[in-house]
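Structure data (TSV, C-alpha atoms and all ligand atoms) from protein.tsv:
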```
chain	number	residue	atom	x	y	z
A	1489	MET	CA	17.52	19.73	-6.76
A	1490	ALA	CA	16.34	16.49	-5.24
A	1491	LYS	CA	17.71	13.14	-6.26
A	1492	ALA	CA	16.52	11.17	-9.26
A	1493	ARG	CA	13.50	8.98	-8.54
A	1494	LYS	CA	11.93	6.40	-10.76
A	1495	ILE	CA	9.42	3.54	-10.44
A	1496	PRO	CA	11.33	0.34	-9.57
A	1497	GLU	CA	12.06	-1.99	-12.49
A	1498	ILE	CA	10.07	-4.90	-11.07
A	1499	ALA	CA	6.90	-2.81	-10.66
A	1500	LYS	CA	6.92	-0.47	-13.60
A	1501	LYS	CA	4.07	-1.94	-15.63
A	1502	PRO	CA	0.90	0.19	-15.43
A	1503	SER	CA	-1.71	-1.01	-12.93
A	1504	SER	CA	-5.46	-1.29	-13.29
A	1505	PHE	CA	-6.35	0.06	-9.86
A	1506	CYS	CA	-9.07	2.73	-9.65
A	1507	PRO	CA	-8.11	6.44	-9.74
A	1508	GLY	CA	-6.78	7.54	-6.33
A	1509	CYS	CA	-6.51	3.98	-4.97
A	1510	GLY	CA	-3.65	3.65	-2.48
A	1511	HIS	CA	-2.52	0.23	-3.69
A	1512	GLY	CA	-0.24	1.80	-6.33
A	1513	ILE	CA	1.67	3.76	-3.71
A	1514	ALA	CA	1.93	0.75	-1.37
A	1515	ILE	CA	3.36	-1.43	-4.13
A	1516	ARG	CA	5.85	1.23	-5.13
A	1517	LEU	CA	7.09	1.61	-1.54
A	1518	ILE	CA	7.58	-2.14	-1.09
A	1519	THR	CA	9.45	-2.53	-4.36
A	1520	GLU	CA	11.53	0.62	-3.72
A	1521	CYS	CA	12.65	-0.86	-0.40
A	1522	LEU	CA	13.49	-4.22	-2.00
A	1523	GLU	CA	15.49	-2.40	-4.68
A	1524	GLU	CA	17.36	-0.26	-2.15
A	1525	MET	CA	18.20	-3.42	-0.18
A	1526	GLY	CA	19.44	-5.19	-3.31
A	1527	GLN	CA	16.72	-7.84	-2.90
A	1528	ASP	CA	14.48	-6.97	-5.85
A	1529	THR	CA	15.70	-9.94	-7.85
A	1530	ASN	CA	15.65	-12.24	-4.84
A	1531	VAL	CA	12.02	-12.05	-3.83
A	1532	MET	CA	8.90	-14.14	-4.10
A	1533	PHE	CA	5.45	-12.67	-3.52
A	1534	GLY	CA	2.45	-14.50	-2.15
A	1535	ILE	CA	-0.45	-12.47	-3.49
A	1536	GLY	CA	-3.94	-12.39	-1.99
A	1537	VAL	CA	-7.29	-12.52	-3.72
A	1538	GLY	CA	-9.15	-9.26	-4.21
A	1539	CYS	CA	-7.85	-5.90	-5.41
A	1540	SER	CA	-4.45	-7.06	-4.14
A	1541	SER	CA	-4.53	-9.61	-6.99
A	1542	LEU	CA	-4.00	-6.76	-9.46
A	1543	LEU	CA	-0.41	-6.70	-8.19
A	1544	GLY	CA	0.09	-9.80	-10.32
A	1545	GLY	CA	-0.28	-7.71	-13.48
A	1546	VAL	CA	2.21	-5.09	-12.23
A	1547	LEU	CA	5.08	-7.23	-10.97
A	1548	GLU	CA	7.88	-8.73	-12.98
A	1549	THR	CA	9.19	-11.13	-10.39
A	1550	ASP	CA	8.36	-14.54	-8.91
A	1551	ARG	CA	4.85	-14.52	-7.49
A	1552	LEU	CA	2.02	-16.83	-6.67
A	1553	HIS	CA	-1.66	-16.04	-6.34
A	1554	CYS	CA	-2.69	-17.85	-3.19
A	1555	LEU	CA	-6.09	-19.31	-2.42
A	1556	HIS	CA	-8.28	-16.61	-0.90
A	1557	GLY	CA	-6.83	-15.63	2.47
A	1558	ARG	CA	-4.19	-18.35	2.58
A	1559	ALA	CA	-1.05	-16.34	1.82
A	1560	GLY	CA	0.11	-16.74	5.43
A	1561	ALA	CA	0.27	-20.51	4.93
A	1562	VAL	CA	1.63	-20.35	1.37
A	1563	CYS	CA	4.38	-17.89	2.33
A	1564	THR	CA	5.29	-20.11	5.28
A	1565	GLY	CA	5.96	-22.91	2.81
A	1566	MET	CA	7.85	-20.67	0.39
A	1567	LYS	CA	10.16	-19.38	3.10
A	1568	ARG	CA	10.82	-22.74	4.69
A	1569	VAL	CA	11.74	-24.25	1.33
A	1570	SER	CA	13.74	-21.22	0.14
A	1571	PRO	CA	15.06	-19.58	3.30
A	1572	ASN	CA	17.49	-17.38	1.40
A	1573	GLN	CA	14.80	-15.74	-0.66
A	1574	MET	CA	12.79	-12.79	0.58
A	1575	VAL	CA	9.15	-13.83	0.91
A	1576	VAL	CA	6.53	-11.12	0.94
A	1577	SER	CA	2.79	-11.49	1.25
A	1578	TYR	CA	0.65	-8.77	-0.28
A	1579	GLN	CA	-2.98	-8.90	0.80
A	1580	GLY	CA	-6.03	-6.79	1.52
A	1581	ASP	CA	-7.97	-6.61	4.76
A	1582	GLY	CA	-10.76	-8.81	3.42
A	1583	ASP	CA	-8.25	-11.46	2.39
A	1584	ALA	CA	-5.84	-11.36	5.34
A	1585	TYR	CA	-8.12	-10.44	8.25
A	1586	SER	CA	-11.50	-11.86	7.27
A	1587	ILE	CA	-11.35	-14.86	4.91
A	1588	GLY	CA	-7.82	-15.80	5.95
A	1589	ILE	CA	-7.67	-14.72	9.58
A	1590	GLY	CA	-6.76	-18.28	10.59
A	1591	GLU	CA	-3.73	-18.51	8.30
A	1592	THR	CA	-2.66	-14.90	8.90
A	1593	THR	CA	-2.80	-15.27	12.67
A	1594	SER	CA	-1.16	-18.70	12.68
A	1595	ALA	CA	1.85	-17.46	10.67
A	1596	ALA	CA	2.31	-14.64	13.19
A	1597	TYR	CA	1.81	-17.03	16.10
A	1598	ARG	CA	4.61	-19.26	14.80
A	1599	ASN	CA	6.78	-16.17	14.21
A	1600	GLU	CA	7.46	-17.25	10.62
A	1601	ASN	CA	10.31	-15.29	9.05
A	1602	ILE	CA	8.15	-13.56	6.40
A	1603	SER	CA	7.00	-9.99	5.75
A	1604	VAL	CA	3.27	-9.41	5.52
A	1605	PHE	CA	1.80	-6.27	3.98
A	1606	VAL	CA	-1.93	-5.77	4.40
A	1607	VAL	CA	-3.65	-2.95	2.55
A	1608	ASN	CA	-6.58	-1.94	4.76
A	1609	ASN	CA	-9.35	-0.01	3.01
A	1610	THR	CA	-12.10	-1.16	5.39
A	1611	ASN	CA	-14.04	-3.22	2.85
A	1612	TYR	CA	-13.88	-5.99	0.27
A	1613	GLY	CA	-13.04	-3.77	-2.71
A	1614	MET	CA	-12.84	-6.09	-5.69
A	1615	THR	CA	-16.13	-7.87	-5.08
A	1616	GLY	CA	-18.20	-4.71	-4.74
A	1617	GLY	CA	-17.55	-3.11	-1.36
A	1618	GLN	CA	-18.87	-5.64	1.14
A	1619	MET	CA	-18.29	-5.39	4.89
A	1620	SER	CA	-15.02	-6.88	6.13
A	1621	ASN	CA	-13.63	-7.38	9.63
A	1622	THR	CA	-12.07	-3.91	9.44
A	1623	THR	CA	-15.20	-2.03	8.35
A	1624	LEU	CA	-15.72	0.93	10.70
A	1625	PRO	CA	-18.63	1.03	13.16
A	1626	GLY	CA	-21.56	2.60	11.35
A	1627	GLN	CA	-19.88	2.35	7.94
A	1628	LYS	CA	-22.32	1.63	5.13
A	1629	THR	CA	-21.26	-1.09	2.73
A	1630	THR	CA	-23.21	-3.26	0.31
A	1631	THR	CA	-23.69	-5.84	3.09
A	1632	SER	CA	-24.21	-3.36	5.94
A	1633	VAL	CA	-26.62	-1.00	4.23
A	1634	LEU	CA	-27.75	0.63	7.47
A	1635	GLY	CA	-24.18	0.96	8.72
A	1636	ARG	CA	-22.10	-1.68	10.53
A	1637	ASP	CA	-23.71	-2.66	13.81
A	1638	CYS	CA	-20.85	-3.96	15.97
A	1639	ALA	CA	-23.29	-5.50	18.46
A	1640	ILE	CA	-24.05	-8.19	15.90
A	1641	THR	CA	-20.89	-8.20	13.74
A	1642	GLY	CA	-18.06	-7.72	16.25
A	1643	SER	CA	-15.74	-4.71	16.15
A	1644	PRO	CA	-12.96	-3.80	13.68
A	1645	ILE	CA	-10.01	-6.13	14.12
A	1646	LYS	CA	-6.66	-4.52	14.96
A	1647	PHE	CA	-4.08	-6.98	13.75
A	1648	PRO	CA	-0.75	-5.18	14.44
A	1649	GLU	CA	-1.96	-4.50	18.00
A	1650	LEU	CA	-3.07	-8.13	18.40
A	1651	VAL	CA	0.20	-9.71	17.31
A	1652	SER	CA	2.43	-7.26	19.14
A	1653	ASP	CA	0.47	-7.74	22.39
A	1654	GLN	CA	0.05	-11.48	22.29
A	1655	PHE	CA	2.68	-13.04	20.04
A	1656	ASN	CA	6.43	-13.05	19.79
A	1657	VAL	CA	6.77	-11.23	16.45
A	1658	ALA	CA	9.76	-9.24	15.20
A	1659	TYR	CA	8.01	-6.15	13.91
A	1660	ALA	CA	4.48	-4.70	13.62
A	1661	ALA	CA	3.34	-1.28	12.44
A	1662	ARG	CA	0.52	0.59	10.76
A	1663	GLY	CA	1.06	3.36	8.21
A	1664	ALA	CA	-1.02	5.27	5.70
A	1665	VAL	CA	-0.43	6.28	2.08
A	1666	THR	CA	-2.23	9.62	2.21
A	1667	THR	CA	0.28	12.47	2.37
A	1668	PRO	CA	3.99	12.82	1.58
A	1669	ALA	CA	4.81	12.69	5.32
A	1670	GLU	CA	2.72	9.58	6.00
A	1671	ILE	CA	4.02	7.89	2.87
A	1672	ASN	CA	7.61	8.49	3.97
A	1673	LYS	CA	6.86	7.06	7.41
A	1674	THR	CA	5.15	4.03	5.88
A	1675	LYS	CA	8.19	3.42	3.72
A	1676	LYS	CA	10.35	3.42	6.84
A	1677	TYR	CA	8.05	0.81	8.43
A	1678	ILE	CA	8.21	-1.35	5.30
A	1679	LYS	CA	12.01	-1.14	5.31
A	1680	GLU	CA	12.08	-2.21	8.97
A	1681	ALA	CA	9.80	-5.17	8.20
A	1682	LEU	CA	11.93	-6.34	5.28
A	1683	THR	CA	15.15	-5.83	7.25
A	1684	ALA	CA	13.76	-7.98	10.06
A	1685	GLN	CA	13.20	-10.78	7.57
A	1686	LEU	CA	16.58	-10.34	5.91
A	1687	ASN	CA	18.25	-10.69	9.32
A	1688	GLY	CA	16.16	-13.73	10.24
A	1689	GLU	CA	14.47	-11.95	13.14
A	1690	GLY	CA	11.02	-13.40	12.46
A	1691	TYR	CA	7.54	-12.29	11.48
A	1692	SER	CA	6.94	-8.72	10.37
A	1693	VAL	CA	3.69	-7.05	9.42
A	1694	VAL	CA	2.84	-3.57	8.17
A	1695	GLU	CA	-0.79	-2.65	7.75
A	1696	ILE	CA	-1.27	0.16	5.24
A	1697	LEU	CA	-4.36	2.37	5.42
A	1698	SER	CA	-5.38	3.09	1.88
A	1699	ALA	CA	-8.10	5.03	0.07
A	1700	CYS	CA	-10.89	3.19	-1.75
A	1701	PRO	CA	-12.69	6.06	-3.52
A	1702	THR	CA	-14.85	3.76	-5.64
A	1703	ASN	CA	-16.43	1.77	-2.81
A	1704	TRP	CA	-16.50	4.65	-0.35
A	1705	GLY	CA	-18.41	6.76	-2.89
A	1706	MET	CA	-15.91	9.59	-2.52
A	1707	THR	CA	-13.39	11.47	-4.63
A	1708	PRO	CA	-9.73	10.59	-4.06
A	1709	LEU	CA	-9.22	13.79	-2.05
A	1710	GLN	CA	-12.32	13.15	0.09
A	1711	SER	CA	-11.02	9.62	0.70
A	1712	VAL	CA	-7.69	10.92	2.02
A	1713	GLU	CA	-9.60	13.28	4.31
A	1714	HIS	CA	-11.81	10.38	5.45
A	1715	ILE	CA	-8.73	8.37	6.44
A	1716	HIS	CA	-7.33	11.24	8.50
A	1717	THR	CA	-10.60	12.15	10.22
A	1718	LYS	CA	-12.35	8.77	10.61
A	1719	VAL	CA	-10.24	5.74	9.81
A	1720	VAL	CA	-7.24	6.58	12.03
A	1721	GLU	CA	-9.61	6.97	14.99
A	1722	HIS	CA	-10.09	3.21	14.86
A	1723	PHE	CA	-6.71	2.30	13.39
A	1724	PRO	CA	-4.04	4.49	15.02
A	1725	LEU	CA	-0.82	4.90	13.06
A	1726	GLY	CA	2.64	4.02	14.32
A	1727	GLU	CA	4.97	1.20	15.28
A	1728	TYR	CA	3.53	-1.40	17.65
A	1729	LYS	CA	6.53	-3.69	17.92
A	1730	THR	CA	9.98	-2.41	17.06
A	1731	ARG	CA	12.93	-4.59	16.14
A	1732	GLU	CA	15.10	-5.64	19.04
A	1733	ALA	CA	18.33	-5.85	17.07
A	1734	LYS	CA	19.00	-2.59	15.24
B	1148	MET	CA	12.92	19.89	-17.51
B	1149	LYS	CA	13.11	18.38	-14.02
B	1150	VAL	CA	10.28	15.87	-14.19
B	1151	LYS	CA	9.32	13.47	-16.95
B	1152	VAL	CA	5.55	13.06	-17.30
B	1153	GLU	CA	4.07	9.86	-18.73
B	1154	SER	CA	0.55	11.14	-19.35
B	1155	LEU	CA	-0.81	7.84	-20.63
B	1156	ARG	CA	-0.67	6.46	-17.06
B	1157	CYS	CA	-2.57	9.33	-15.44
B	1158	LYS	CA	-5.99	8.62	-13.86
B	1159	GLN	CA	-6.84	12.21	-12.94
B	1160	CYS	CA	-6.92	11.59	-9.17
B	1161	GLU	CA	-5.55	15.05	-8.33
B	1162	LEU	CA	-3.25	13.83	-5.54
B	1163	CYS	CA	-0.18	15.35	-7.20
B	1164	VAL	CA	-1.93	18.64	-7.95
B	1165	VAL	CA	-2.95	19.34	-4.33
B	1166	ASN	CA	0.37	18.20	-2.82
B	1167	CYS	CA	2.83	20.03	-5.06
B	1168	PRO	CA	4.39	22.65	-2.75
B	1169	LYS	CA	4.91	25.07	-5.64
B	1170	ASP	CA	1.47	24.73	-7.29
B	1171	ALA	CA	3.36	23.78	-10.42
B	1172	ILE	CA	0.94	21.08	-11.59
B	1173	THR	CA	-2.31	21.72	-13.44
B	1174	PHE	CA	-4.68	19.67	-15.55
B	1175	THR	CA	-4.62	20.21	-19.30
B	1176	GLU	CA	-7.61	20.16	-21.64
B	1177	GLU	CA	-6.27	16.92	-23.15
B	1178	PHE	CA	-7.62	13.46	-22.44
B	1179	ASN	CA	-5.42	10.39	-22.61
B	1180	GLU	CA	-6.47	7.21	-24.36
B	1181	PHE	CA	-8.31	6.01	-21.24
B	1182	GLY	CA	-10.37	9.18	-21.00
B	1183	TYR	CA	-8.56	10.88	-18.13
B	1184	ARG	CA	-7.39	14.50	-18.19
B	1185	THR	CA	-3.63	14.70	-18.08
B	1186	THR	CA	-1.33	16.94	-16.04
B	1187	VAL	CA	1.32	19.42	-17.04
B	1188	ILE	CA	4.17	20.83	-14.93
B	1189	ASP	CA	5.20	24.47	-15.08
B	1190	ASP	CA	8.96	24.04	-15.24
B	1191	ASP	CA	9.60	27.59	-13.98
B	1192	LYS	CA	7.74	26.89	-10.74
B	1193	CYS	CA	8.94	23.27	-10.28
B	1194	ILE	CA	11.85	22.72	-7.87
B	1195	GLY	CA	12.24	19.00	-8.57
B	1196	CYS	CA	11.37	18.06	-4.99
B	1197	GLY	CA	9.83	14.71	-5.97
B	1198	ILE	CA	6.58	15.06	-4.05
B	1199	CYS	CA	4.53	14.39	-7.17
B	1200	TYR	CA	6.49	11.15	-7.64
B	1201	THR	CA	5.77	10.25	-4.00
B	1202	MET	CA	2.04	10.93	-4.26
B	1203	CYS	CA	1.21	9.51	-7.69
B	1204	PRO	CA	-0.28	6.01	-7.35
B	1205	ASP	CA	0.19	5.40	-11.05
B	1206	GLY	CA	3.82	6.09	-11.80
B	1207	VAL	CA	3.26	9.09	-14.04
B	1208	TYR	CA	6.32	11.00	-12.84
B	1209	GLU	CA	10.03	10.39	-13.02
B	1210	ILE	CA	12.32	12.87	-11.26
B	1211	ILE	CA	15.34	13.35	-13.44
B	1212	GLY	CA	17.66	14.69	-10.72
B	1213	GLU	CA	21.07	16.27	-11.26
C	1801	LIG	S1	8.88	17.95	-8.40
C	1801	LIG	FE1	7.97	19.03	-6.66
C	1801	LIG	S2	7.74	21.13	-7.40
C	1801	LIG	FE2	8.07	19.87	-9.22
C	1801	LIG	S3	5.99	19.36	-9.91
C	1801	LIG	FE3	6.67	17.68	-8.59
C	1801	LIG	S4	5.85	18.23	-6.57
C	1801	LIG	FE4	5.80	20.10	-7.81
C	1802	LIG	S1	-1.26	11.74	-8.96
C	1802	LIG	FE1	-0.72	10.67	-10.87
C	1802	LIG	S2	-2.64	9.74	-11.59
C	1802	LIG	FE2	-3.20	11.28	-10.05
C	1802	LIG	S3	-3.60	13.16	-11.26
C	1802	LIG	FE3	-1.45	13.22	-10.62
C	1802	LIG	S4	-0.34	12.32	-12.34
C	1802	LIG	FE4	-2.49	11.74	-12.61
```

Would you write the structure of this file as structure tokens?
Ligand code: SF4
Ligand code: SF4
Amino acid sequence: MAKARKIPEIAKKPSSFCPGCGHGIAIRLITECLEEMGQDTNVMFGIGVGCSSLLGGVLETDRLHCLHGRAGAVCTGMKRVSPNQMVVSYQGDGDAYSIGIGETTSAAYRNENISVFVVNNTNYGMTGGQMSNTTLPGQKTTTSVLGRDCAITGSPIKFPELVSDQFNVAYAARGAVTTPAEINKTKKYIKEALTAQLNGEGYSVVEILSACPTNWGMTPLQSVEHIHTKVVEHFPLGEYKTREAK
Amino acid sequence: MKVKVESLRCKQCELCVVNCPKDAITFTEEFNEFGYRTTVIDDDKCIGCGICYTMCPDGVYEIIGE
């Protein structure tokens, strides 16, 4: 029989995410890793605005809801003032890559010693499914009713690729919370990101592809299928920058 | 019993049902207080592998272990 497994203490309150939403799995993986590293009582979260804000109701640990998109800047301050505490930002794609792209990119550019987790569901979920910078070409949202036309909106932003190509960051990866195998890989990426911070190696980011059945107009199972057939085409999974010191 | 089921948290997403390698999980006729159908595990089929714990976004399952 497999080993005992239980929702981490700091994240055991029920969430109000939609049925089949991937946020619940992402939060569990992050808090499992913190617990396994003995850091679950030594962590401060900078929480984004959007569906990611619902994390606030789940967590029993220090946390701050940042101004929309500004968690990169807020977490910079937290970490510089409290360098011995783990500082984790938890944001969505609309928050981190659209509204807050300036702060998110600047924190990576400076190689701040923080861990950034961005749940990418290719739209602004909380506010009613508007187009974000990660919305797929042709994807219909409430603000791209005919499908996203990249000729006038730009193309989906690939943040882990951007920072690993251009900046001196410690770790960058993209996972998905869709199947047991992908979830296990994503947990490994999250552990690497947190370990990089614990060792003072610098900025780490893990983007997490996650289902948004409500705004995609799909069942949870169709949403998982959609990620595997469509979303990963634009957002390939894997590690983009691995840690130098292992 | 190998898995503890906290039915009140279930949102009927089906992710556990389709991923259980032993087809041990089915939906019951019962609704929880939020209006979602709840799941039940056939203990004879269950091997305690923990995949339902891994897949559930809502913390319904606890694997008891040895
Ligand atoms: S522990 Fe494994 S076998 Fe048992 S119900 Fe869960 S997924 Fe199925
Ligand atoms: S994965 Fe969790 S929430 Fe979804 S049907 Fe199974 S027990 Fe319910």

> Asn1703 of chain A: which residues within 10 Å, counting only C-alpha atoms, same-chain residues fewer than 3 positions away excluded, as a ChimeraX atom specification?
Replying inline: /A:1609-1618,1628-1630,1699-1700,1706

List every residue of chain B that has an atom at most 12 Å from any atom of chain A, and for each one report the closest atom pair and its distance in Å to one decimal, counting all atoms listed in the file, with rows sorted by chain and then by increasing residue number, as a Markdown table.
```
| residue | atom | partner | partner_atom | distance |
| --- | --- | --- | --- | --- |
| B:Met1148 | CA | A:Met1489 | CA | 11.7 |
| B:Lys1149 | CA | A:Met1489 | CA | 8.6 |
| B:Val1150 | CA | A:Ala1492 | CA | 9.2 |
| B:Lys1151 | CA | A:Lys1494 | CA | 9.8 |
| B:Val1152 | CA | A:Lys1494 | CA | 11.3 |
| B:Glu1153 | CA | A:Pro1502 | CA | 10.7 |
| B:Ser1154 | CA | A:Pro1502 | CA | 11.6 |
| B:Leu1155 | CA | A:Pro1502 | CA | 9.4 |
| B:Arg1156 | CA | A:Pro1502 | CA | 6.7 |
| B:Cys1157 | CA | A:Pro1507 | CA | 8.5 |
| B:Lys1158 | CA | A:Pro1507 | CA | 5.1 |
| B:Gln1159 | CA | A:Pro1507 | CA | 6.7 |
| B:Cys1160 | CA | A:Gly1508 | CA | 4.9 |
| B:Glu1161 | CA | A:Leu1709 | CA | 7.4 |
| B:Leu1162 | CA | A:Leu1709 | CA | 6.9 |
| B:Cys1163 | CA | A:Thr1667 | CA | 10.0 |
| B:Val1164 | CA | A:Leu1709 | CA | 10.6 |
| B:Val1165 | CA | A:Leu1709 | CA | 8.7 |
| B:Asn1166 | CA | A:Thr1667 | CA | 7.7 |
| B:Cys1167 | CA | A:Pro1668 | CA | 9.9 |
| B:Pro1168 | CA | A:Pro1668 | CA | 10.7 |
| B:Phe1181 | CA | A:Ser1504 | CA | 11.2 |
| B:Gly1182 | CA | A:Pro1507 | CA | 11.8 |
| B:Tyr1183 | CA | A:Pro1507 | CA | 9.5 |
| B:Arg1184 | CA | A:Pro1507 | CA | 11.7 |
| B:Cys1193 | CA | A:Met1489 | CA | 9.9 |
| B:Ile1194 | CA | A:Met1489 | CA | 6.5 |
| B:Gly1195 | CA | A:Met1489 | CA | 5.6 |
| B:Cys1196 | CA | A:Ala1490 | CA | 5.2 |
| B:Gly1197 | CA | A:Ala1490 | CA | 6.8 |
| B:Ile1198 | CA | A:Pro1668 | CA | 6.6 |
| B:Cys1199 | CA | A:Pro1668 | CA | 8.9 |
| B:Tyr1200 | CA | A:Arg1493 | CA | 7.4 |
| B:Thr1201 | CA | A:Pro1668 | CA | 6.4 |
| B:Met1202 | CA | A:Pro1668 | CA | 6.4 |
| B:Cys1203 | CA | A:Ile1513 | CA | 7.0 |
| B:Pro1204 | CA | A:Gly1512 | CA | 4.3 |
| B:Asp1205 | CA | A:Gly1512 | CA | 6.0 |
| B:Gly1206 | CA | A:Ile1495 | CA | 6.3 |
| B:Val1207 | CA | A:Ile1495 | CA | 9.0 |
| B:Tyr1208 | CA | A:Lys1494 | CA | 7.5 |
| B:Glu1209 | CA | A:Lys1494 | CA | 5.0 |
| B:Ile1210 | CA | A:Arg1493 | CA | 4.9 |
| B:Ile1211 | CA | A:Ala1492 | CA | 4.9 |
| B:Gly1212 | CA | A:Ala1492 | CA | 4.0 |
| B:Glu1213 | CA | A:Met1489 | CA | 6.7 |
```

>> Around the point (13.4, -8.6, 10.2) (coordinates from the file), which residues reach within 12 Å if we count only C-alpha atoms? Answer as a ChimeraX atom specification.
In response: /A:1574-1576,1599-1604,1657-1660,1677-1694,1729-1734

> Which neighbours of Phe1174 of chain B fall inside 8 Å, counting all atoms listed in the file, when residues of the same chain fewer than 2 positions from it are skipped, and could you give them as a VMD selection string?
Replying inline: chain B and resid 1172 1176 1184 to 1187

> What separation in Å, quoted to one decimal, exists between atom CA of Asp1653 of chain A and atom CA of His1556 of chain A?
Replying inline: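 Atom CA of Asp1653 of chain A sits 26.4 Å away from atom CA of His1556 of chain A.
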
With 8 Å on each side, where is the centre of the axis-aligned box around all listed atoms of segment 1159-1173 of chain B, and how long are its edges in Å to one decimal, as JSON?
```
{"center_x": -1.0, "center_y": 18.3, "center_z": -8.1, "size_x": 27.8, "size_y": 29.5, "size_z": 26.7}
```

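Reported to one decimal place, the separation of atom CA of Glu1695 of chain A from atom CA of Val1607 of chain A is 5.9 Å.
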
>> Excluding segment 1558-1568 of chain A and its own-chain neighbours fewer than 5 positions away, which residues fall within 6 Å of it when counting all atoms listed in the file? Please give them as number ranges by chain.
In response: A: 1534, 1588, 1591-1592, 1595

> List as a list in words: which residues have an atom within 10 Å of (4.2, -12.8, -8.6), counting all atoms listed in the file?
Replying inline: Val1531, Met1532, Phe1533, Gly1534, Ile1535, Ser1541, Leu1543, Gly1544, Gly1545, Val1546, Leu1547, Glu1548, Thr1549, Asp1550, Arg1551, Leu1552, His1553, Val1576 and Tyr1578 of chain A

> Between atom CA of Leu1650 of chain A and atom CA of Leu1624 of chain A, what is the spacing in Å?
Replying inline: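 Value for the atom CA of Leu1624 of chain A-atom CA of Leu1650 of chain A distance: 17.4 Å.
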